[in-house]
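Encoded as structure tokens, the structure appears first; notes follow it.
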Amino acid sequence: MLRRLGDGLRRFMYGRYGADKLNYVILWSGVILSLLSSFVESLAFLILVSYGLVFWAIYRMLSRNIAARQHEAAAFSRFAKFFTDRQHRYYACPCCGQTVRVPRGKGRISIKCPRCGQRFEKKT
Ligand SMILES: [Zn+2]
């Protein structure tokens with residue numbers, strides 16, 4: 001019985017995106033917001049936001065547009081690096097948008113984009 005259920009679920013999820021880090025963050029934000037909205041009366045409206053987040057996570061999980069979901073996940077991981085990497089700074093190339101990582105605390109430096117070769121100055 002359980003095995004048949006598992007097979008059915010596997011067949012259902014075939015060709016779909018599934019879960020990733022971004023989905024966990026979205027789902028947990030939804031759970032936390034729904035808890036907040038149930039404990040703090042003035043924040044009751046957050047229950048709608050939390051439903052939105054949960055539906056967004058389910059939508060991403062069941063999505064068949066895997067390339068778009070991977071693109072979102074890559075953007076999210078770049079975004080998360082801004083907060084977790086204390087040794088480097090991340091800049092977007094003004095010419096092509098490529099993310100460039102440079103060491104922190106070197107003063108004003110000239111950065112050469114590895115993709116398009118454009119040079120630009122930034123303070124690290
Ligand atoms: Zn560039």
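Here, A, B, ... name the chains of the structure tokens in the order displayed, residue numbers run from 1 inside each chain, and ligands are numbered from 1 in the same displayed order.
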Please list as a ChimeraX atom specification every residue within 12 Å of A:Arg69, counting only C-alpha atoms and excluding residues in the same chain fewer than 2 positions away. /A:16-23,56-57,59-67,71-76
Selected residues written out, C-alpha atoms, as a compact mmCIF listing (two decimals), in the first residue's frame:
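New file result34.txt:
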# COMPACT_ATOMS: atom_id res chain seq x y z
CA ARG A 16 8.76 18.41 -12.05
CA TYR A 17 11.23 20.65 -10.27
CA GLY A 18 10.95 19.36 -6.68
CA ALA A 19 12.41 21.03 -3.59
CA ASP A 20 15.49 23.23 -3.21
CA LYS A 21 16.99 25.59 -0.63
CA LEU A 22 14.87 28.52 -1.83
CA ASN A 23 11.73 26.41 -1.37
CA TRP A 56 4.37 29.82 -4.04
CA ALA A 57 6.55 27.02 -2.59
CA TYR A 59 3.93 25.98 -7.22
CA ARG A 60 7.75 25.94 -7.49
CA MET A 61 7.89 22.31 -6.35
CA LEU A 62 5.34 21.13 -8.92
CA SER A 63 6.60 23.36 -11.73
CA ARG A 64 7.68 21.69 -14.98
CA ASN A 65 9.66 24.78 -16.05
CA ILE A 66 12.88 23.50 -14.49
CA ALA A 67 15.16 26.04 -16.20
CA HIS A 71 17.49 30.42 -12.57
CA GLU A 72 15.57 31.60 -9.47
CA ALA A 73 17.58 29.27 -7.24
CA ALA A 74 20.87 30.64 -8.65
CA ALA A 75 19.72 34.23 -8.07
CA PHE A 76 18.74 33.31 -4.53
Counting only C-alpha atoms and all ligand atoms, give me one row per residue of chain A with an atom at most 8 Å from an atom of ligand 1, showing the shortest contact pair and its distance in Å to one decimal, sorted by chain then residue number, as a tab-separated table.
residue	atom	partner	partner_atom_place_in_ligand_line	distance
A:Ala92	CA	ligand 1	1 (Zn)	7.8
A:Cys93	CA	ligand 1	1 (Zn)	4.6
A:Pro94	CA	ligand 1	1 (Zn)	6.6
A:Cys95	CA	ligand 1	1 (Zn)	4.9
A:Cys96	CA	ligand 1	1 (Zn)	4.1
A:Gly97	CA	ligand 1	1 (Zn)	5.9
A:Gln98	CA	ligand 1	1 (Zn)	5.4
A:Lys112	CA	ligand 1	1 (Zn)	7.9
A:Cys113	CA	ligand 1	1 (Zn)	4.6
A:Pro114	CA	ligand 1	1 (Zn)	6.7
A:Arg115	CA	ligand 1	1 (Zn)	5.2
A:Cys116	CA	ligand 1	1 (Zn)	4.2
A:Gly117	CA	ligand 1	1 (Zn)	6.1
A:Gln118	CA	ligand 1	1 (Zn)	5.5
With DSSP run on the backbone, what are the alpha helix (DSSP H) residues within stretch 11-115 of chain A? I'd like them as a PyMOL selection string. chain A and resi 11-13+21-39+46-62+66-84
Filtering to C-alpha atoms, could you give me those residues as a compact mmCIF listing (two decimals), in the first residue's frame?
# COMPACT_ATOMS: atom_id res chain seq x y z
CA ARG A 11 5.41 9.14 -11.12
CA PHE A 12 3.55 12.37 -10.28
CA MET A 13 6.80 14.25 -9.51
CA LYS A 21 16.99 25.59 -0.63
CA LEU A 22 14.87 28.52 -1.83
CA ASN A 23 11.73 26.41 -1.37
CA TYR A 24 12.70 25.59 2.21
CA VAL A 25 13.28 29.28 2.94
CA ILE A 26 9.90 30.18 1.40
CA LEU A 27 8.08 27.39 3.26
CA TRP A 28 9.69 28.19 6.62
CA SER A 29 8.96 31.92 6.18
CA GLY A 30 5.33 30.93 5.57
CA VAL A 31 5.24 28.74 8.69
CA ILE A 32 6.86 31.45 10.85
CA LEU A 33 4.52 34.15 9.52
CA SER A 34 1.47 31.97 10.15
CA LEU A 35 2.64 31.32 13.73
CA LEU A 36 3.26 35.05 14.23
CA SER A 37 -0.17 35.91 12.87
CA SER A 38 -1.87 33.45 15.22
CA PHE A 39 -0.05 34.68 18.35
CA LEU A 46 0.07 38.01 7.90
CA ILE A 47 -1.88 34.76 7.57
CA LEU A 48 -2.69 35.80 3.99
CA VAL A 49 0.99 36.43 3.26
CA SER A 50 1.88 33.05 4.77
CA TYR A 51 -0.71 31.29 2.55
CA GLY A 52 0.77 33.10 -0.43
CA LEU A 53 4.27 31.90 0.49
CA VAL A 54 3.12 28.29 0.98
CA PHE A 55 1.30 28.28 -2.39
CA TRP A 56 4.37 29.82 -4.04
CA ALA A 57 6.55 27.02 -2.59
CA ILE A 58 4.08 24.35 -3.79
CA TYR A 59 3.93 25.98 -7.22
CA ARG A 60 7.75 25.94 -7.49
CA MET A 61 7.89 22.31 -6.35
CA LEU A 62 5.34 21.13 -8.92
CA ILE A 66 12.88 23.50 -14.49
CA ALA A 67 15.16 26.04 -16.20
CA ALA A 68 13.23 28.99 -14.75
CA ARG A 69 13.24 27.44 -11.26
CA GLN A 70 17.03 26.81 -11.48
CA HIS A 71 17.49 30.42 -12.57
CA GLU A 72 15.57 31.60 -9.47
CA ALA A 73 17.58 29.27 -7.24
CA ALA A 74 20.87 30.64 -8.65
CA ALA A 75 19.72 34.23 -8.07
CA PHE A 76 18.74 33.31 -4.53
CA SER A 77 22.10 31.72 -3.79
CA ARG A 78 23.90 34.85 -5.07
CA PHE A 79 21.60 36.96 -2.86
CA ALA A 80 22.31 34.74 0.18
CA LYS A 81 26.09 35.12 -0.34
CA PHE A 82 25.81 38.86 0.33
CA PHE A 83 24.88 37.98 3.92
CA THR A 84 26.99 34.90 4.59
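These are the residues of stretch 8-121 of chain A assigned strand (DSSP E or B) by DSSP from backbone coordinates: His88, Arg89, Tyr90, Tyr91, Ala92, Thr99, Val100, Arg101, Val102, Pro103, Arg108, Ile109, Ser110, Ile111, Lys112, Arg119, Phe120 and Glu121 of chain A.
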Residues within 6 Å of A:Glu121, only C-alpha atoms, excluding chain neighbours under 3 positions, as an MDAnalysis selection string: chainID A and resid 109:111
Interatomic distance (Å, one decimal) between atom CA of A:Lys106 and atom CA of A:Gln87: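 Those two atoms sit 10.9 Å apart.
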